Amino acid sequence: MKERRRCLIILCLLLGSISPSAGETPGSLVLLIVDGLGSYYIYPEFTPHTQSGKPLEKIAAPNLTEGDARVINLRVPVPRTGPAHSVIVTGDPEAEPEMLSSTTTIYDILHDEGFIALAVMEKGDFSSMRREQDAILYAESNSIHEPLFKIEQHQYQSVPREIIETMEERSSLMPGYMEDARGAEAYRRYNRFAIETAEELVRVMRENHPDERFILTINVGGVDSVGHHTNHTTYLKVIEGIDSDIKQLKDLCREEKIAFILTADHGMSFKRRESHGGHAGNDYKEMPESLHTPLILSAPNIEHGLISGEWEQENIAPTILSILDLPNLLSTDSRPLPIKRYANLYVITDAENVKLYQNERLISEAEGERIRFKNLSGRYTILATSEKTRIEESVTVREDTTLTLKMPEEATGERLERLERRHVVGILLILLINISGIILIRRVTR
Ligand SMILES: [Zn+2]
């Protein structure tokens, strides 16, 4: 009996699974945060200005802006490194670094799903962020000229030995990157180190552990540093450097069907053409150049194109979960960007069995605490049953929807009978219509 039930569930899941055109779920995800990169300096839609209103140059950044989907207007609630990184990983616009340990982050949800969280961070690597990672290579000193990288491990999921070895090896190569580098070149090489390290980690995971899912978070720090210490011309030169350096990493992710998301924690603004920049101080924090960041996404399951409308940094975390086909269990009500080619229904429940009906027809059936019904559209009835109790719920699915069904203590047998009665009535009606049709056709053709 149990065997038959299992076969039925597998059959239902196969029938209910997504069509090939919808695109498959990416197994892993790379999140690249370019610290201090304002979208005004690289997006064709914008022109940056100084605080006194003089136009500034910008650059074409084909590799940074290329992707399946690009969000034009993305604003950050607070243009400061610590809060902004906290917003990116929690989806909460009011998040602060000290809240990470007590708030649900994307990493908490991904850990529960078996993902390994790896990170390479030159900035944004505050202790509560490091504690979210299974293994992180981070800059202990933020000095470009005397960088010191360290590894921290928490191993909520066990991290492959080769990953730790790669982090150690990369860390020892850092001084070589910075040798004889001056001016813009020093900041460019600092960024290149993080990007090439990330690329190496992706390769090691793919070659040695192709079935392990991971999220790799990267923060490159050179753009922010150069903005603070030099002027807008040098800032642009360093952005140009990243633009050519990230091409290989992006290509690798595409080949391996790994989702790739590029964004920034905040932008940068300049008082005058020759002055150094800022983003968090009173003179800078209201400037659109400080508040607008890029958001470019690539994944096999998202729609291609430009995303218009007004979006916020807090939309990033739910979008990451949506792309990975995972329920949004974040503690905020921030929504994902409407970019996925299909919608899922997630049922979080203590029921023993969950059936999904559409127009009285059984679509799918599943068991477990976190159930995923993929590729849905329209109105559905959910029937959750446990030994003595049953719940029936109606739900309309147009975008990823998470439903929590807590089973009641008391038995509610009548609801199931009602649904099954309706089911029988539906079948009889269909039969009646078919028979009438056949009779009618026979009369007409005689
Ligand atoms: Zn920053």
# chains A, B, ... in the order shown; residues from 1 in each chain; ligands from 1
>>> residues_around(residues="A:Gln133", least_positions_apart="4", cutoff="10 Å", atoms="only C-alpha atoms", output="mmCIF file with N, CA and C atoms, in the first residue's frame")
data_model
loop_
_atom_site.group_PDB
_atom_site.id
_atom_site.type_symbol
_atom_site.label_atom_id
_atom_site.label_comp_id
_atom_site.auth_asym_id
_atom_site.auth_seq_id
_atom_site.Cartn_x
_atom_site.Cartn_y
_atom_site.Cartn_z
ATOM 1 N N TYR A 107 20.772 33.029 4.574
ATOM 2 C CA TYR A 107 21.682 31.923 4.884
ATOM 3 C C TYR A 107 21.009 30.901 5.812
ATOM 4 N N ASP A 108 20.199 31.386 6.768
ATOM 5 C CA ASP A 108 19.494 30.458 7.673
ATOM 6 C C ASP A 108 18.591 29.535 6.856
ATOM 7 N N HIS A 111 20.733 27.167 4.700
ATOM 8 C CA HIS A 111 21.333 26.099 5.508
ATOM 9 C C HIS A 111 20.326 24.976 5.754
ATOM 10 N N ILE A 116 25.595 25.016 1.253
ATOM 11 C CA ILE A 116 26.803 25.458 1.950
ATOM 12 C C ILE A 116 26.951 26.949 1.677
ATOM 13 N N ALA A 117 27.170 27.746 2.734
ATOM 14 C CA ALA A 117 27.351 29.190 2.553
ATOM 15 C C ALA A 117 28.836 29.518 2.598
ATOM 16 N N LEU A 118 29.353 29.972 1.443
ATOM 17 C CA LEU A 118 30.771 30.346 1.334
ATOM 18 C C LEU A 118 30.834 31.839 1.059
ATOM 19 N N ALA A 119 31.915 32.491 1.484
ATOM 20 C CA ALA A 119 32.022 33.927 1.225
ATOM 21 C C ALA A 119 33.473 34.347 1.051
ATOM 22 N N SER A 128 28.928 39.457 12.746
ATOM 23 C CA SER A 128 27.647 38.741 12.620
ATOM 24 C C SER A 128 27.437 38.233 11.193
ATOM 25 N N MET A 129 28.024 38.904 10.207
ATOM 26 C CA MET A 129 27.947 38.407 8.820
ATOM 27 C C MET A 129 28.840 37.176 8.668
ATOM 28 N N LEU A 137 36.498 33.728 3.607
ATOM 29 C CA LEU A 137 37.828 34.342 3.510
ATOM 30 C C LEU A 137 37.570 35.842 3.533
ATOM 31 N N GLU A 152 37.592 32.127 8.393
ATOM 32 C CA GLU A 152 36.813 31.784 9.575
ATOM 33 C C GLU A 152 35.839 30.680 9.168
ATOM 34 N N GLN A 153 35.722 29.661 10.007
ATOM 35 C CA GLN A 153 34.827 28.543 9.673
ATOM 36 C C GLN A 153 33.791 28.345 10.750
ATOM 37 N N HIS A 154 32.558 28.090 10.336
ATOM 38 C CA HIS A 154 31.516 27.755 11.304
ATOM 39 C C HIS A 154 30.923 26.378 11.024
ATOM 40 N N GLN A 155 30.989 25.946 9.754
ATOM 41 C CA GLN A 155 30.640 24.585 9.367
ATOM 42 C C GLN A 155 29.286 24.113 9.905
ATOM 43 N N TYR A 156 28.235 24.922 9.669
ATOM 44 C CA TYR A 156 26.869 24.439 9.955
ATOM 45 C C TYR A 156 26.597 23.274 9.009
ATOM 46 N N GLN A 157 27.073 23.436 7.775
ATOM 47 C CA GLN A 157 27.124 22.343 6.807
ATOM 48 C C GLN A 157 28.616 22.034 6.686
ATOM 49 N N ILE A 215 25.765 28.773 -1.792
ATOM 50 C CA ILE A 215 25.645 30.199 -2.088
ATOM 51 C C ILE A 215 27.023 30.783 -1.813
ATOM 52 N N LEU A 216 27.551 31.526 -2.779
ATOM 53 C CA LEU A 216 28.851 32.171 -2.604
ATOM 54 C C LEU A 216 28.619 33.678 -2.614
ATOM 55 N N THR A 217 28.917 34.327 -1.498
ATOM 56 C CA THR A 217 28.753 35.780 -1.398
ATOM 57 C C THR A 217 30.129 36.422 -1.532
#
>>> closest_atom_pairs(of="chain A", to="ligand 1", cutoff="9 Å", atoms="only C-alpha atoms and all ligand atoms", output="JSON lines")
{"residue": "A:Val34", "atom": "CA", "partner": "ligand 1", "partner_atom_place_in_ligand_line": "1 (Zn)", "distance": 8.3}
{"residue": "A:Asp35", "atom": "CA", "partner": "ligand 1", "partner_atom_place_in_ligand_line": "1 (Zn)", "distance": 4.6}
{"residue": "A:Gly36", "atom": "CA", "partner": "ligand 1", "partner_atom_place_in_ligand_line": "1 (Zn)", "distance": 5.1}
{"residue": "A:Leu37", "atom": "CA", "partner": "ligand 1", "partner_atom_place_in_ligand_line": "1 (Zn)", "distance": 8.6}
{"residue": "A:Pro79", "atom": "CA", "partner": "ligand 1", "partner_atom_place_in_ligand_line": "1 (Zn)", "distance": 7.7}
{"residue": "A:Arg80", "atom": "CA", "partner": "ligand 1", "partner_atom_place_in_ligand_line": "1 (Zn)", "distance": 5.9}
{"residue": "A:Thr81", "atom": "CA", "partner": "ligand 1", "partner_atom_place_in_ligand_line": "1 (Zn)", "distance": 3.6}
{"residue": "A:Gly82", "atom": "CA", "partner": "ligand 1", "partner_atom_place_in_ligand_line": "1 (Zn)", "distance": 7.3}
{"residue": "A:Ala84", "atom": "CA", "partner": "ligand 1", "partner_atom_place_in_ligand_line": "1 (Zn)", "distance": 7.7}
{"residue": "A:His85", "atom": "CA", "partner": "ligand 1", "partner_atom_place_in_ligand_line": "1 (Zn)", "distance": 8.1}
{"residue": "A:Lys123", "atom": "CA", "partner": "ligand 1", "partner_atom_place_in_ligand_line": "1 (Zn)", "distance": 6.8}
{"residue": "A:Gly124", "atom": "CA", "partner": "ligand 1", "partner_atom_place_in_ligand_line": "1 (Zn)", "distance": 6.9}
{"residue": "A:Gly221", "atom": "CA", "partner": "ligand 1", "partner_atom_place_in_ligand_line": "1 (Zn)", "distance": 7.6}
{"residue": "A:Asp224", "atom": "CA", "partner": "ligand 1", "partner_atom_place_in_ligand_line": "1 (Zn)", "distance": 6.1}
{"residue": "A:Ser225", "atom": "CA", "partner": "ligand 1", "partner_atom_place_in_ligand_line": "1 (Zn)", "distance": 8.7}
{"residue": "A:Ala264", "atom": "CA", "partner": "ligand 1", "partner_atom_place_in_ligand_line": "1 (Zn)", "distance": 7.8}
{"residue": "A:Asp265", "atom": "CA", "partner": "ligand 1", "partner_atom_place_in_ligand_line": "1 (Zn)", "distance": 5.6}
{"residue": "A:His266", "atom": "CA", "partner": "ligand 1", "partner_atom_place_in_ligand_line": "1 (Zn)", "distance": 6.1}
{"residue": "A:Gly267", "atom": "CA", "partner": "ligand 1", "partner_atom_place_in_ligand_line": "1 (Zn)", "distance": 8.0}
{"residue": "A:His279", "atom": "CA", "partner": "ligand 1", "partner_atom_place_in_ligand_line": "1 (Zn)", "distance": 8.5}
>>> select_by_dssp(residues="stretch 168-381 of chain A", states="helix (DSSP H, G or I)", output="PyMOL selection string")
chain A and resi 168-178+184-208+222-229+232-245+247-255+288-291+313-323
>>> write_last_selection(atoms="C-alpha atoms", output="PDB file, in the first residue's frame")
ATOM      1  CA  GLU A 168      44.391  29.159   2.309  1.00  0.00           C
ATOM      2  CA  GLU A 169      46.247  29.054  -0.979  1.00  0.00           C
ATOM      3  CA  ARG A 170      44.493  32.156  -2.335  1.00  0.00           C
ATOM      4  CA  SER A 171      45.224  34.052   0.858  1.00  0.00           C
ATOM      5  CA  SER A 172      48.951  33.299   0.439  1.00  0.00           C
ATOM      6  CA  LEU A 173      48.820  34.652  -3.138  1.00  0.00           C
ATOM      7  CA  MET A 174      47.445  38.050  -2.066  1.00  0.00           C
ATOM      8  CA  PRO A 175      50.825  39.851  -1.603  1.00  0.00           C
ATOM      9  CA  GLY A 176      51.717  38.911  -5.200  1.00  0.00           C
ATOM     10  CA  TYR A 177      48.584  40.669  -6.464  1.00  0.00           C
ATOM     11  CA  MET A 178      49.556  43.932  -4.794  1.00  0.00           C
ATOM     12  CA  ALA A 184      43.996  53.024  -9.626  1.00  0.00           C
ATOM     13  CA  GLU A 185      45.919  49.833 -10.413  1.00  0.00           C
ATOM     14  CA  ALA A 186      46.238  48.964  -6.698  1.00  0.00           C
ATOM     15  CA  TYR A 187      42.451  49.160  -6.185  1.00  0.00           C
ATOM     16  CA  ARG A 188      41.859  47.181  -9.378  1.00  0.00           C
ATOM     17  CA  ARG A 189      44.155  44.375  -8.260  1.00  0.00           C
ATOM     18  CA  TYR A 190      42.556  44.302  -4.817  1.00  0.00           C
ATOM     19  CA  ASN A 191      39.190  43.703  -6.513  1.00  0.00           C
ATOM     20  CA  ARG A 192      40.689  41.174  -8.928  1.00  0.00           C
ATOM     21  CA  PHE A 193      41.936  39.099  -5.996  1.00  0.00           C
ATOM     22  CA  ALA A 194      38.388  38.641  -4.616  1.00  0.00           C
ATOM     23  CA  ILE A 195      36.874  37.963  -8.044  1.00  0.00           C
ATOM     24  CA  GLU A 196      39.494  35.391  -9.083  1.00  0.00           C
ATOM     25  CA  THR A 197      39.266  33.724  -5.671  1.00  0.00           C
ATOM     26  CA  ALA A 198      35.505  33.405  -6.118  1.00  0.00           C
ATOM     27  CA  GLU A 199      36.014  31.919  -9.576  1.00  0.00           C
ATOM     28  CA  GLU A 200      38.443  29.361  -8.156  1.00  0.00           C
ATOM     29  CA  LEU A 201      35.982  28.383  -5.393  1.00  0.00           C
ATOM     30  CA  VAL A 202      33.178  27.854  -7.929  1.00  0.00           C
ATOM     31  CA  ARG A 203      35.475  25.645 -10.022  1.00  0.00           C
ATOM     32  CA  VAL A 204      36.576  23.598  -7.001  1.00  0.00           C
ATOM     33  CA  MET A 205      32.950  23.034  -5.938  1.00  0.00           C
ATOM     34  CA  ARG A 206      31.908  22.045  -9.447  1.00  0.00           C
ATOM     35  CA  GLU A 207      34.831  19.723 -10.094  1.00  0.00           C
ATOM     36  CA  ASN A 208      34.904  17.961  -6.736  1.00  0.00           C
ATOM     37  CA  GLY A 222      38.277  48.558  -4.068  1.00  0.00           C
ATOM     38  CA  VAL A 223      35.557  50.699  -5.684  1.00  0.00           C
ATOM     39  CA  ASP A 224      34.360  52.021  -2.329  1.00  0.00           C
ATOM     40  CA  SER A 225      37.917  52.695  -1.122  1.00  0.00           C
ATOM     41  CA  VAL A 226      38.980  54.500  -4.277  1.00  0.00           C
ATOM     42  CA  GLY A 227      35.816  56.650  -4.141  1.00  0.00           C
ATOM     43  CA  HIS A 228      36.610  57.746  -0.569  1.00  0.00           C
ATOM     44  CA  HIS A 229      40.309  58.402  -1.161  1.00  0.00           C
ATOM     45  CA  HIS A 232      35.559  60.459  -9.566  1.00  0.00           C
ATOM     46  CA  THR A 233      37.935  59.888 -12.519  1.00  0.00           C
ATOM     47  CA  THR A 234      39.958  57.291 -10.606  1.00  0.00           C
ATOM     48  CA  TYR A 235      36.710  55.809  -9.249  1.00  0.00           C
ATOM     49  CA  LEU A 236      35.589  55.211 -12.865  1.00  0.00           C
ATOM     50  CA  LYS A 237      38.973  53.640 -13.785  1.00  0.00           C
ATOM     51  CA  VAL A 238      38.575  51.092 -10.994  1.00  0.00           C
ATOM     52  CA  ILE A 239      34.995  50.296 -12.085  1.00  0.00           C
ATOM     53  CA  GLU A 240      36.376  49.695 -15.604  1.00  0.00           C
ATOM     54  CA  GLY A 241      38.812  47.210 -14.086  1.00  0.00           C
ATOM     55  CA  ILE A 242      36.039  45.177 -12.444  1.00  0.00           C
ATOM     56  CA  ASP A 243      34.078  45.290 -15.654  1.00  0.00           C
ATOM     57  CA  SER A 244      36.761  43.338 -17.483  1.00  0.00           C
ATOM     58  CA  ASP A 245      37.661  41.121 -14.503  1.00  0.00           C
ATOM     59  CA  LYS A 247      33.600  38.369 -17.404  1.00  0.00           C
ATOM     60  CA  GLN A 248      35.119  34.937 -16.692  1.00  0.00           C
ATOM     61  CA  LEU A 249      33.214  34.457 -13.445  1.00  0.00           C
ATOM     62  CA  LYS A 250      29.930  35.331 -15.145  1.00  0.00           C
ATOM     63  CA  ASP A 251      30.648  32.980 -18.066  1.00  0.00           C
ATOM     64  CA  LEU A 252      31.510  30.170 -15.662  1.00  0.00           C
ATOM     65  CA  CYS A 253      28.239  30.643 -13.757  1.00  0.00           C
ATOM     66  CA  ARG A 254      26.254  30.614 -16.987  1.00  0.00           C
ATOM     67  CA  GLU A 255      27.980  27.418 -18.192  1.00  0.00           C
ATOM     68  CA  PRO A 288      20.637  59.794  -5.821  1.00  0.00           C
ATOM     69  CA  GLU A 289      24.214  58.822  -6.790  1.00  0.00           C
ATOM     70  CA  SER A 290      24.661  57.425  -3.231  1.00  0.00           C
ATOM     71  CA  LEU A 291      21.231  55.792  -3.044  1.00  0.00           C
ATOM     72  CA  GLN A 313      17.241  46.839  -1.680  1.00  0.00           C
ATOM     73  CA  GLU A 314      14.943  44.765   0.561  1.00  0.00           C
ATOM     74  CA  ASN A 315      13.492  43.078  -2.544  1.00  0.00           C
ATOM     75  CA  ILE A 316      16.828  41.286  -3.140  1.00  0.00           C
ATOM     76  CA  ALA A 317      16.611  38.647  -0.361  1.00  0.00           C
ATOM     77  CA  PRO A 318      13.131  37.331  -1.313  1.00  0.00           C
ATOM     78  CA  THR A 319      14.212  37.352  -4.984  1.00  0.00           C
ATOM     79  CA  ILE A 320      17.217  35.132  -4.168  1.00  0.00           C
ATOM     80  CA  LEU A 321      14.899  32.617  -2.468  1.00  0.00           C
ATOM     81  CA  SER A 322      12.412  32.785  -5.338  1.00  0.00           C
ATOM     82  CA  ILE A 323      15.117  32.093  -7.949  1.00  0.00           C
TER      83      ILE A 323
END
>>> atom_distance(atom1="atom CA of A:Ser394", atom2="atom CA of A:Tyr380")
5.7 Å
>>> closest_residue(among="A:Asn142, A:Thr293, A:Ser52, A:Ser158", to="A:Arg75", atoms="only C-alpha atoms")
A:Thr293
>>> closest_residue(among="A:Ala60, A:Leu440, A:Leu100, A:Ile302", to="A:Ser331", atoms="only C-alpha atoms")
A:Leu100
>>> decode(residues="stretch 421-433 of chain A", atoms="N, CA and C atoms", output="mmCIF file, in the first residue's frame")
data_model
loop_
_atom_site.group_PDB
_atom_site.id
_atom_site.type_symbol
_atom_site.label_atom_id
_atom_site.label_comp_id
_atom_site.auth_asym_id
_atom_site.auth_seq_id
_atom_site.Cartn_x
_atom_site.Cartn_y
_atom_site.Cartn_z
ATOM 1 N N ARG A 421 -17.291 14.751 -2.384
ATOM 2 C CA ARG A 421 -18.630 14.785 -2.996
ATOM 3 C C ARG A 421 -18.600 15.688 -4.224
ATOM 4 N N ARG A 422 -17.958 16.845 -4.046
ATOM 5 C CA ARG A 422 -17.878 17.795 -5.169
ATOM 6 C C ARG A 422 -17.098 17.181 -6.324
ATOM 7 N N HIS A 423 -16.087 16.435 -5.982
ATOM 8 C CA HIS A 423 -15.255 15.755 -6.968
ATOM 9 C C HIS A 423 -16.121 14.808 -7.814
ATOM 10 N N VAL A 424 -16.976 13.991 -7.125
ATOM 11 C CA VAL A 424 -17.847 13.025 -7.800
ATOM 12 C C VAL A 424 -18.840 13.776 -8.684
ATOM 13 N N VAL A 425 -19.437 14.845 -8.145
ATOM 14 C CA VAL A 425 -20.406 15.635 -8.918
ATOM 15 C C VAL A 425 -19.736 16.174 -10.184
ATOM 16 N N GLY A 426 -18.504 16.640 -10.040
ATOM 17 C CA GLY A 426 -17.745 17.179 -11.176
ATOM 18 C C GLY A 426 -17.569 16.128 -12.265
ATOM 19 N N ILE A 427 -17.177 14.920 -11.859
ATOM 20 C CA ILE A 427 -16.945 13.842 -12.830
ATOM 21 C C ILE A 427 -18.254 13.505 -13.549
ATOM 22 N N LEU A 428 -19.371 13.400 -12.768
ATOM 23 C CA LEU A 428 -20.675 13.084 -13.361
ATOM 24 C C LEU A 428 -21.073 14.146 -14.384
ATOM 25 N N LEU A 429 -20.838 15.411 -14.049
ATOM 26 C CA LEU A 429 -21.190 16.511 -14.955
ATOM 27 C C LEU A 429 -20.411 16.398 -16.265
ATOM 28 N N ILE A 430 -19.094 16.117 -16.143
ATOM 29 C CA ILE A 430 -18.245 15.993 -17.334
ATOM 30 C C ILE A 430 -18.763 14.847 -18.204
ATOM 31 N N LEU A 431 -19.110 13.700 -17.563
ATOM 32 C CA LEU A 431 -19.631 12.542 -18.290
ATOM 33 C C LEU A 431 -20.902 12.915 -19.047
ATOM 34 N N LEU A 432 -21.823 13.614 -18.328
ATOM 35 C CA LEU A 432 -23.105 14.018 -18.888
ATOM 36 C C LEU A 432 -22.894 14.896 -20.129
ATOM 37 N N ILE A 433 -21.968 15.852 -20.018
ATOM 38 C CA ILE A 433 -21.699 16.762 -21.133
ATOM 39 C C ILE A 433 -21.141 15.983 -22.322
#
